[in-house]
Protein chains: 2
Amino acid sequence: MRETTRLTSKETAAWLLKRDGFLVLTHSRPDGDTLGCAAGLCAGLRKIGKVAYILENPETTDRYLEYVAPYLAPADFEPQVVVTVDTADVGIFQKNAGPYASRVDLSIDHHASYTGYAAYSCVDVSKAACGEVVYAVLLALGDDLISPEVALPLYVALATDTGCFVYANVTADTLEVASALIRAGADHRRVNKKLFRTKTRGRMALDGALFSGLRFYQDGQIAVALVTQELMTRTGVTENDLDDIATIPNQAEGVRVGIVVKELETGDCKVSVRTAMDVDANAICQQFGGGGHPMAAGCVVEMGPEATAEVLVKAAERQLEK
Amino acid sequence: MRETTRLTSKETAAWLLKRDGFLVLTHSRPDGDTLGCAAGLCAGLRKIGKVAYILENPETTDRYLEYVAPYLAPADFEPQVVVTVDTADVGIFQKNAGPYASRVDLSIDHHASYTGYAAYSCVDVSKAACGEVVYAVLLALGDDLISPEVALPLYVALATDTGCFVYANVTADTLEVASALIRAGADHRRVNKKLFRTKTRGRMALDGALFSGLRFYQDGQIAVALVTQELMTRTGVTENDLDDIATIPNQAEGVRVGIVVKELETGDCKVSVRTAMDVDANAICQQFGGGGHPMAAGCVVEMGPEATAEVLVKAAERQLEK
């Protein structure tokens with residue numbers, strides 16, 4: 001792989017200023033951060049007269065569609081410059097990245113695991129959301145660039161990556177930028193109501209069943225939630241309704257290892273593990289061929305939900321003893 | 001009632017500087033805002049060499065005890081100056097306010113309904129939390145006054161009054177002050193985990209039952225949750241576990257009137273009504289001798305939970321027709 005050239009936010013602003021004809025790519029299973037960054041970047045670039053589009057991501061859910069809709073590229077758009085946002089690795093490019101995957105000119109990111117696949121890279125791993133990095137770049141392009149159209153999707157980026165400013169990744173910078181985006185005209189009330197204070201009826205019913213059915217082990221240090229196909233059918237939820245479901249078991253007081261076992265249509269199970277700071281989630285999931293971060297990891301287990309829960313609880317018990 | 005003298009935050013700082021021997025009172029059923037303000041104010045006053053205490057509030061729950069503990073007044077403390085925080089009216093003084101209720105020297109508040117019962121008043125109704133008003137006062141007392149001991153309880157005040165920055169009362173100012181408090185050393189991660197990301201096992205079970213048992217009317221525009229004594233006993237929750245329970249029905253997509261009916265030990269019911277912006281919660285509750293704000297109101301109904309739910313749904317239906 002070619003060496004990437006690292007740029008500061010100011011250098012990135014200068015780099016963008018010299019170019020035109022941008023296409024912005026987002027990551028697979030796109031969240032509010034990657035989509036918000038793409039929309040905010042396009043809005044900012046257009047404000048200084050550039051041509052800028054987002055490559056439509058077929059996995060975009062209804063939750064986020066309104067933010068990217070104004071910027072979707074026409075089918076015949078031929079970009080001069082390809083940019084990715086919030087995308088650590090080529091392996092998680094949006095599924096239709098196709099011909100663009102091998103020619104990314106610039107990556108703007110905040111992941112420590114960023115692999116340097118782009119010719120130029122603007123990466124700040126101290127930021128909770130990639131939206132903070134995009135904000136710094138746009139601010140360097142011009143103080144007056146942060147219009148309401150720029151501010152709204154960047155607010156979505158910050159808020160969604162932080163659970164609306166409640167997760168441990170929040171810093172003083174995150175809140176300062178969020179404040180500036182609201183001053184610039186982002187309608188945070190509407191965003192907060194839609195994204196954080198509204199559940200579908202199906203998700204309400206699913207949460208009800210999961211909260212009521214949590215299983216506790218080891219004096220309540222381990223909690224397990226089972227999301228079976230039967231439960232999903234009964235409550236009427238779809239994949240779109242499952243945002244942040246991995247965080248549920250850990251909300252119970254005293255839980256140090258939270259495990260969500262989700263039965264796939266194949267009958268195998270997708271497992272999410274979330275842990276307290278002193279328990280290694282990654283080590284638990286590696287035993288099943290998965291992995292991730294110290295406090296958040298996942299794996300796929302080729303067994304039914306009950307059997308999967310059983311082996312995961314055993315692995316968690318062993319990890320707690322360490 | 002005597003006329004109150006209105007002070008700006010700067011004038012309040014000068015007023016405090018000239019006095020000593022402070023006792024800070026909080027409101028009944030104390031929340032994070034009133035208790036956080038009291039602790040932050042005492043910490044700041046002590047930093048400039050003043051004697052300052054909080055009058056212990058017998059209704060303080062375990063959630064907030066650690067923040068006020070360092071400042072509780074000894075039984076024989078004789079204050080020269082009595083201050084209230086976040087307390088709109090004499091009617092909601094802490095239950096043991098006793099001899100101090102008639103001699104409040106200063107009230108710091110953010111309620112539009114503040115009645116002016118104190119000799120001096122520093123009130124800013126544009127603030128989401130009273131903690132923002134106390135912050136402005138302390139900042140006017142000195143740039144270097146915001147120590148970690150001041151910042152922590154003020155962060156608690158801001159975060160709890162805004163649901164950790166998700167409610168509609170959040171402004172750009174709120175986030176800017178929260179950012180400054182984190183920079184000053186408030187351990188926001190610990191606060192957020194404890195206050196917003198942890199539920200007791202009983203509350204998990206209660207939420208499970210409420211989410212699963214929500215009743216919908218008028219095409220899902222009205223949602224009702226019933227918290228019976230039987231349910232509270234079965235899930236093992238106490239009054240301490242019921243924070244923010246009124247917000248549950250409105251989390252369901254499409255709900256414009258959310259009603260929580262809580263059966264009291266007497267068999268009567270306490271009702272909380274939360275509404276969308278265009279439906280008057282106050283008007284609904286006034287029919288039952290209650291009241292409140294346009295989007296958040298309450299009442300007590302002298303009937304059992306099923307009968308109470310029925311009359312409230314009818315009142316909500318009539319209000320929706322307007």
# chains A, B, ... in the order shown; residues from 1 in each chain; ligands from 1
>>> residues_around(residues="Ile108 in chain A", least_positions_apart="5", cutoff="7 Å", atoms="only C-alpha atoms", output="compact mmCIF listing (two decimals) with N, CA and C atoms, in the first residue's frame")
# COMPACT_ATOMS: atom_id res chain seq x y z
N THR A 84 -13.41 9.84 1.75
CA THR A 84 -14.18 9.01 2.69
C THR A 84 -14.24 9.73 4.04
N VAL A 85 -15.32 9.46 4.77
CA VAL A 85 -15.46 10.04 6.11
C VAL A 85 -15.80 8.93 7.12
N ASP A 86 -15.13 8.96 8.27
CA ASP A 86 -15.44 8.04 9.38
C ASP A 86 -15.25 6.58 8.99
N SER A 121 -4.62 11.94 4.39
CA SER A 121 -5.42 11.57 5.56
C SER A 121 -5.45 12.70 6.57
N CYS A 122 -6.66 13.03 7.01
CA CYS A 122 -6.83 13.99 8.10
C CYS A 122 -7.52 13.25 9.23
N VAL A 123 -6.72 12.80 10.21
CA VAL A 123 -7.24 11.91 11.26
C VAL A 123 -6.92 12.51 12.62
>>> select_by_dssp(residues="range 195-318 of chain B", states="helix (DSSP H, G or I)", output="number ranges by chain")
B: 195-196, 201-213, 229-235, 239-241, 245-247, 249-251, 281-286, 305-318
>>> residues_around(residues="range 20-22 of chain A", least_positions_apart="3", cutoff="7 Å", atoms="only C-alpha atoms", output="mmCIF file with N, CA and C atoms, in the first residue's frame")
data_model
loop_
_atom_site.group_PDB
_atom_site.id
_atom_site.type_symbol
_atom_site.label_atom_id
_atom_site.label_comp_id
_atom_site.auth_asym_id
_atom_site.auth_seq_id
_atom_site.Cartn_x
_atom_site.Cartn_y
_atom_site.Cartn_z
ATOM 1 N N LYS A 50 -17.977 24.851 -4.673
ATOM 2 C CA LYS A 50 -17.501 23.591 -5.240
ATOM 3 C C LYS A 50 -18.672 22.687 -5.635
ATOM 4 N N VAL A 51 -18.390 21.752 -6.531
ATOM 5 C CA VAL A 51 -19.328 20.676 -6.832
ATOM 6 C C VAL A 51 -19.020 19.524 -5.875
ATOM 7 N N ALA A 52 -20.014 19.093 -5.109
ATOM 8 C CA ALA A 52 -19.774 18.041 -4.112
ATOM 9 C C ALA A 52 -21.031 17.191 -3.948
ATOM 10 N N TYR A 53 -20.848 15.892 -3.982
ATOM 11 C CA TYR A 53 -21.962 14.947 -3.839
ATOM 12 C C TYR A 53 -21.594 13.819 -2.884
ATOM 13 N N PRO A 79 -16.591 12.006 -10.532
ATOM 14 C CA PRO A 79 -15.833 12.819 -9.579
ATOM 15 C C PRO A 79 -14.375 12.998 -9.989
ATOM 16 N N GLN A 80 -13.821 14.128 -9.601
ATOM 17 C CA GLN A 80 -12.374 14.322 -9.741
ATOM 18 C C GLN A 80 -11.663 13.926 -8.442
ATOM 19 N N VAL A 81 -12.392 14.068 -7.333
ATOM 20 C CA VAL A 81 -11.782 13.813 -6.023
ATOM 21 C C VAL A 81 -12.715 12.901 -5.209
ATOM 22 N N VAL A 82 -12.153 11.819 -4.655
ATOM 23 C CA VAL A 82 -12.946 10.892 -3.830
ATOM 24 C C VAL A 82 -12.513 11.030 -2.364
#
>>> residues_around(residues="range 261-268 of chain A", least_positions_apart="6", cutoff="7 Å", atoms="only C-alpha atoms", output="VMD selection string")
chain A and resid 225 to 229 301 to 305 309
>>> write_last_selection(atoms="N, CA, C and O atoms", output="tab-separated table (two decimals), in the first residue's frame")
chain	number	residue	atom	x	y	z
A	225	ALA	N	-28.98	-10.70	27.37
A	225	ALA	CA	-30.27	-10.50	26.71
A	225	ALA	C	-30.29	-11.34	25.44
A	225	ALA	O	-29.32	-11.35	24.68
A	226	LEU	N	-31.39	-12.04	25.23
A	226	LEU	CA	-31.55	-12.89	24.04
A	226	LEU	C	-32.53	-12.25	23.07
A	226	LEU	O	-33.70	-12.04	23.42
A	227	VAL	N	-32.06	-11.96	21.85
A	227	VAL	CA	-32.94	-11.43	20.81
A	227	VAL	C	-33.16	-12.54	19.79
A	227	VAL	O	-32.35	-12.73	18.87
A	228	THR	N	-34.20	-13.31	19.98
A	228	THR	CA	-34.47	-14.43	19.08
A	228	THR	C	-35.27	-13.95	17.87
A	228	THR	O	-35.89	-12.88	17.90
A	229	GLN	N	-35.25	-14.74	16.82
A	229	GLN	CA	-36.08	-14.44	15.64
A	229	GLN	C	-37.56	-14.39	16.05
A	229	GLN	O	-38.31	-13.54	15.57
A	301	VAL	N	-21.34	-16.90	16.57
A	301	VAL	CA	-21.22	-18.26	17.09
A	301	VAL	C	-22.20	-19.15	16.33
A	301	VAL	O	-23.37	-18.81	16.19
A	302	GLU	N	-21.71	-20.27	15.84
A	302	GLU	CA	-22.55	-21.14	15.00
A	302	GLU	C	-23.35	-22.12	15.86
A	302	GLU	O	-23.21	-23.34	15.75
A	303	MET	N	-24.14	-21.56	16.74
A	303	MET	CA	-25.01	-22.38	17.59
A	303	MET	C	-26.31	-21.59	17.78
A	303	MET	O	-26.38	-20.42	17.44
A	304	GLY	N	-27.32	-22.23	18.35
A	304	GLY	CA	-28.57	-21.55	18.65
A	304	GLY	C	-28.40	-20.59	19.80
A	304	GLY	O	-27.36	-20.58	20.48
A	305	PRO	N	-29.41	-19.74	20.06
A	305	PRO	CA	-29.27	-18.69	21.08
A	305	PRO	C	-29.00	-19.22	22.49
A	305	PRO	O	-28.16	-18.66	23.21
A	309	ALA	N	-25.58	-18.40	24.44
A	309	ALA	CA	-25.58	-17.68	25.72
A	309	ALA	C	-24.77	-18.46	26.75
A	309	ALA	O	-23.97	-17.88	27.51
>>> closest_atom_pairs(of="chain A", to="chain B", cutoff="7 Å", atoms="only C-alpha atoms", output="CSV")
residue,atom,partner,partner_atom,distance
A:Cys164,CA,B:Val166,CA,6.3
A:Phe165,CA,B:Phe165,CA,6.7
A:Val166,CA,B:Asn192,CA,5.9
A:Ala168,CA,B:Arg189,CA,5.3
A:Ala172,CA,B:Ser179,CA,4.3
A:Asp173,CA,B:Ser179,CA,6.9
A:Leu175,CA,B:Ser179,CA,5.3
A:Glu176,CA,B:Glu176,CA,5.4
A:Ser179,CA,B:Ala172,CA,4.4
A:Ala180,CA,B:Ala172,CA,6.9
A:Ile182,CA,B:Ala172,CA,5.6
A:Arg183,CA,B:Ala172,CA,5.9
A:Arg189,CA,B:Ala168,CA,5.3
A:Asn192,CA,B:Val166,CA,5.9
A:Arg197,CA,B:Gln251,CA,5.4
A:Thr198,CA,B:Gln251,CA,4.5
A:Lys199,CA,B:Ala252,CA,4.9
A:Thr200,CA,B:Glu253,CA,5.1
A:Arg201,CA,B:Ala252,CA,5.8
A:Met204,CA,B:Phe211,CA,5.5
A:Ala205,CA,B:Ser212,CA,4.9
A:Asp207,CA,B:Gly208,CA,6.6
A:Gly208,CA,B:Gly208,CA,3.7
A:Ala209,CA,B:Gly208,CA,6.0
A:Phe211,CA,B:Gly208,CA,4.6
A:Ser212,CA,B:Gly208,CA,4.6
A:Gln251,CA,B:Thr198,CA,4.5
A:Ala252,CA,B:Lys199,CA,4.9
A:Glu253,CA,B:Thr200,CA,5.1
>>> select_by_dssp(residues="range 28-128 of chain B", states="strand (DSSP E or B)", output="ChimeraX atom specification")
/B:52-54,72,81-85,93,106-109,120-123
>>> atom_distance(atom1="CA of Asp144 in chain B", atom2="CA of Tyr71 in chain B")
20.6 Å
>>> residues_around(residues="range 271-282 of chain A", least_positions_apart="3", cutoff="8 Å", atoms="only C-alpha atoms", output="list in words")
Ala246, Thr247, Asn250, Val255, Arg256, Val257, Gly258, Ile259, Val260, Val261, Lys262, Cys285, Gln286, Gly290, Gly291, Gly292, His293, Pro294, Met295, Ala296, Ala297, Gly298, Cys299, Val300, Val301, Gln319 and Leu320 of chain A
>>> write_last_selection(atoms="N, CA and C atoms", output="short mmCIF file (atom, residue, chain, number, x, y, z; two decimals), in the first residue's frame")
data_model
loop_
_atom_site.label_atom_id
_atom_site.label_comp_id
_atom_site.auth_asym_id
_atom_site.auth_seq_id
_atom_site.Cartn_x
_atom_site.Cartn_y
_atom_site.Cartn_z
N ALA A 246 -26.97 -3.23 21.97
CA ALA A 246 -25.88 -3.87 22.72
C ALA A 246 -25.66 -3.22 24.09
N THR A 247 -26.17 -2.01 24.27
CA THR A 247 -25.92 -1.31 25.54
C THR A 247 -26.92 -1.68 26.63
N ASN A 250 -25.85 -3.75 30.11
CA ASN A 250 -24.94 -3.00 30.97
C ASN A 250 -25.62 -1.85 31.71
N VAL A 255 -23.68 -4.58 36.70
CA VAL A 255 -23.25 -5.45 35.59
C VAL A 255 -21.87 -5.02 35.11
N ARG A 256 -20.96 -5.99 34.99
CA ARG A 256 -19.63 -5.70 34.47
C ARG A 256 -19.40 -6.32 33.11
N VAL A 257 -20.17 -7.36 32.78
CA VAL A 257 -20.14 -7.92 31.42
C VAL A 257 -21.58 -8.03 30.93
N GLY A 258 -21.90 -7.29 29.88
CA GLY A 258 -23.23 -7.37 29.26
C GLY A 258 -23.13 -8.08 27.93
N ILE A 259 -24.00 -9.04 27.73
CA ILE A 259 -23.94 -9.86 26.51
C ILE A 259 -25.30 -9.82 25.82
N VAL A 260 -25.29 -9.45 24.53
CA VAL A 260 -26.52 -9.55 23.74
C VAL A 260 -26.32 -10.63 22.68
N VAL A 261 -27.19 -11.62 22.70
CA VAL A 261 -27.13 -12.72 21.72
C VAL A 261 -28.27 -12.52 20.75
N LYS A 262 -27.94 -12.28 19.49
CA LYS A 262 -29.00 -12.06 18.48
C LYS A 262 -29.02 -13.22 17.50
N CYS A 285 -14.37 -12.25 23.21
CA CYS A 285 -14.86 -12.53 21.85
C CYS A 285 -13.82 -13.22 20.97
N GLN A 286 -12.53 -12.99 21.27
CA GLN A 286 -11.49 -13.64 20.49
C GLN A 286 -11.57 -15.17 20.60
N GLY A 290 -13.93 -13.75 17.15
CA GLY A 290 -14.31 -12.36 16.95
C GLY A 290 -13.28 -11.42 17.56
N GLY A 291 -13.72 -10.21 17.89
CA GLY A 291 -12.79 -9.26 18.50
C GLY A 291 -13.40 -7.88 18.55
N GLY A 292 -12.56 -6.88 18.75
CA GLY A 292 -13.05 -5.50 18.82
C GLY A 292 -12.19 -4.67 19.73
N HIS A 293 -12.84 -3.94 20.60
CA HIS A 293 -12.15 -3.02 21.50
C HIS A 293 -12.15 -3.59 22.93
N PRO A 294 -11.38 -2.99 23.85
CA PRO A 294 -11.32 -3.51 25.22
C PRO A 294 -12.69 -3.56 25.92
N MET A 295 -13.55 -2.58 25.61
CA MET A 295 -14.84 -2.52 26.32
C MET A 295 -16.03 -2.83 25.41
N ALA A 296 -15.78 -3.11 24.14
CA ALA A 296 -16.87 -3.37 23.19
C ALA A 296 -16.36 -4.30 22.10
N ALA A 297 -16.88 -5.53 22.06
CA ALA A 297 -16.41 -6.48 21.06
C ALA A 297 -17.58 -7.34 20.60
N GLY A 298 -17.34 -8.15 19.58
CA GLY A 298 -18.40 -8.98 19.03
C GLY A 298 -17.86 -10.24 18.40
N CYS A 299 -18.75 -11.20 18.15
CA CYS A 299 -18.36 -12.43 17.46
C CYS A 299 -19.62 -13.08 16.90
N VAL A 300 -19.42 -14.05 16.02
CA VAL A 300 -20.54 -14.85 15.52
C VAL A 300 -20.30 -16.28 15.99
N VAL A 301 -21.34 -16.90 16.57
CA VAL A 301 -21.22 -18.26 17.09
C VAL A 301 -22.20 -19.15 16.33
N GLN A 319 -13.21 -14.78 32.37
CA GLN A 319 -12.56 -13.47 32.24
C GLN A 319 -12.68 -12.66 33.53
N LEU A 320 -13.80 -12.80 34.22
CA LEU A 320 -13.99 -12.08 35.48
C LEU A 320 -13.02 -12.58 36.55
#
>>> atom_distance(atom1="CA of Gln94 in chain B", atom2="CA of Leu65 in chain B")
15.2 Å
>>> residues_around(residues="Ala38 in chain A", least_positions_apart="6", cutoff="8 Å", atoms="only C-alpha atoms", output="PyMOL selection string")
chain A and resi 24-26+54+68+85
>>> closest_residue(among="B:Asp143, B:Asp31, B:Asp109, B:Glu306", to="Ile48 in chain B", atoms="only C-alpha atoms")
B:Asp143
>>> closest_residue(among="A:Glu132, A:Asp62, A:Asp89, A:Asp161", to="Ala118 in chain A", atoms="only C-alpha atoms")
A:Asp89
>>> residues_around(residues="range 55-59 of chain B", least_positions_apart="2", cutoff="6 Å", atoms="only C-alpha atoms", output="list in words")
Leu25, Arg29, Leu72 and Ala73 of chain B
>>> write_last_selection(atoms="N, CA and C atoms", output="compact mmCIF listing (two decimals), in the first residue's frame")
# COMPACT_ATOMS: atom_id res chain seq x y z
N LEU B 25 -30.57 26.51 51.01
CA LEU B 25 -31.75 25.63 51.07
C LEU B 25 -32.07 25.07 49.69
N ARG B 29 -38.55 17.20 47.41
CA ARG B 29 -38.25 16.20 46.40
C ARG B 29 -37.05 16.67 45.58
N LEU B 72 -22.91 19.58 54.36
CA LEU B 72 -24.10 19.58 55.23
C LEU B 72 -23.82 20.35 56.52
N ALA B 73 -24.75 21.21 56.88
CA ALA B 73 -24.57 22.09 58.04
C ALA B 73 -24.65 21.30 59.34
>>> decode(residues="range 169-180 of chain B", atoms="all heavy atoms", output="short mmCIF file (atom, residue, chain, number, x, y, z; two decimals), in the first residue's frame")
data_model
loop_
_atom_site.label_atom_id
_atom_site.label_comp_id
_atom_site.auth_asym_id
_atom_site.auth_seq_id
_atom_site.Cartn_x
_atom_site.Cartn_y
_atom_site.Cartn_z
N ASN B 169 -35.08 21.80 26.52
CA ASN B 169 -34.64 23.02 27.20
C ASN B 169 -33.15 23.33 26.97
O ASN B 169 -32.68 24.41 27.31
CB ASN B 169 -34.93 22.93 28.71
CG ASN B 169 -34.23 21.74 29.38
OD1 ASN B 169 -33.59 20.93 28.71
ND2 ASN B 169 -34.36 21.63 30.69
N VAL B 170 -32.42 22.41 26.36
CA VAL B 170 -30.99 22.62 26.11
C VAL B 170 -30.78 23.77 25.13
O VAL B 170 -31.49 23.88 24.13
CB VAL B 170 -30.34 21.35 25.52
CG1 VAL B 170 -28.92 21.62 25.05
CG2 VAL B 170 -30.36 20.22 26.53
N THR B 171 -29.83 24.64 25.45
CA THR B 171 -29.46 25.72 24.54
C THR B 171 -27.96 25.63 24.26
O THR B 171 -27.24 24.83 24.88
CB THR B 171 -29.74 27.10 25.15
OG1 THR B 171 -28.83 27.29 26.25
CG2 THR B 171 -31.17 27.23 25.64
N ALA B 172 -27.50 26.44 23.33
CA ALA B 172 -26.06 26.50 23.06
C ALA B 172 -25.30 26.87 24.33
O ALA B 172 -24.22 26.35 24.60
CB ALA B 172 -25.78 27.52 21.95
N ASP B 173 -25.88 27.76 25.14
CA ASP B 173 -25.25 28.15 26.41
C ASP B 173 -25.07 26.95 27.33
O ASP B 173 -24.03 26.80 27.98
CB ASP B 173 -26.13 29.18 27.16
CG ASP B 173 -26.02 30.56 26.55
OD1 ASP B 173 -25.19 30.74 25.64
OD2 ASP B 173 -26.77 31.45 26.97
N THR B 174 -26.10 26.10 27.43
CA THR B 174 -26.02 24.93 28.31
C THR B 174 -24.79 24.09 27.97
O THR B 174 -24.02 23.69 28.85
CB THR B 174 -27.27 24.04 28.15
OG1 THR B 174 -28.42 24.85 28.07
CG2 THR B 174 -27.39 23.06 29.30
N LEU B 175 -24.63 23.82 26.68
CA LEU B 175 -23.51 22.96 26.25
C LEU B 175 -22.18 23.67 26.44
O LEU B 175 -21.17 23.04 26.77
CB LEU B 175 -23.70 22.53 24.79
CG LEU B 175 -24.91 21.62 24.55
CD1 LEU B 175 -25.09 21.36 23.05
CD2 LEU B 175 -24.74 20.30 25.28
N GLU B 176 -22.17 24.98 26.25
CA GLU B 176 -20.93 25.73 26.43
C GLU B 176 -20.49 25.70 27.90
O GLU B 176 -19.30 25.50 28.20
CB GLU B 176 -21.13 27.17 25.97
CG GLU B 176 -19.84 27.96 25.88
CD GLU B 176 -20.08 29.34 25.31
OE1 GLU B 176 -20.69 29.43 24.22
OE2 GLU B 176 -19.68 30.32 25.95
N VAL B 177 -21.45 25.88 28.81
CA VAL B 177 -21.11 25.82 30.23
C VAL B 177 -20.69 24.41 30.62
O VAL B 177 -19.70 24.22 31.35
CB VAL B 177 -22.29 26.31 31.10
CG1 VAL B 177 -22.01 26.10 32.58
CG2 VAL B 177 -22.59 27.79 30.83
N ALA B 178 -21.40 23.40 30.12
CA ALA B 178 -21.03 22.01 30.43
C ALA B 178 -19.60 21.74 29.97
O ALA B 178 -18.81 21.09 30.67
CB ALA B 178 -22.00 21.04 29.75
N SER B 179 -19.25 22.23 28.80
CA SER B 179 -17.89 22.08 28.28
C SER B 179 -16.87 22.73 29.22
O SER B 179 -15.84 22.13 29.56
CB SER B 179 -17.81 22.71 26.88
OG SER B 179 -16.49 22.70 26.41
N ALA B 180 -17.19 23.93 29.67
CA ALA B 180 -16.28 24.64 30.58
C ALA B 180 -16.13 23.89 31.91
O ALA B 180 -15.03 23.85 32.49
CB ALA B 180 -16.80 26.06 30.83
#
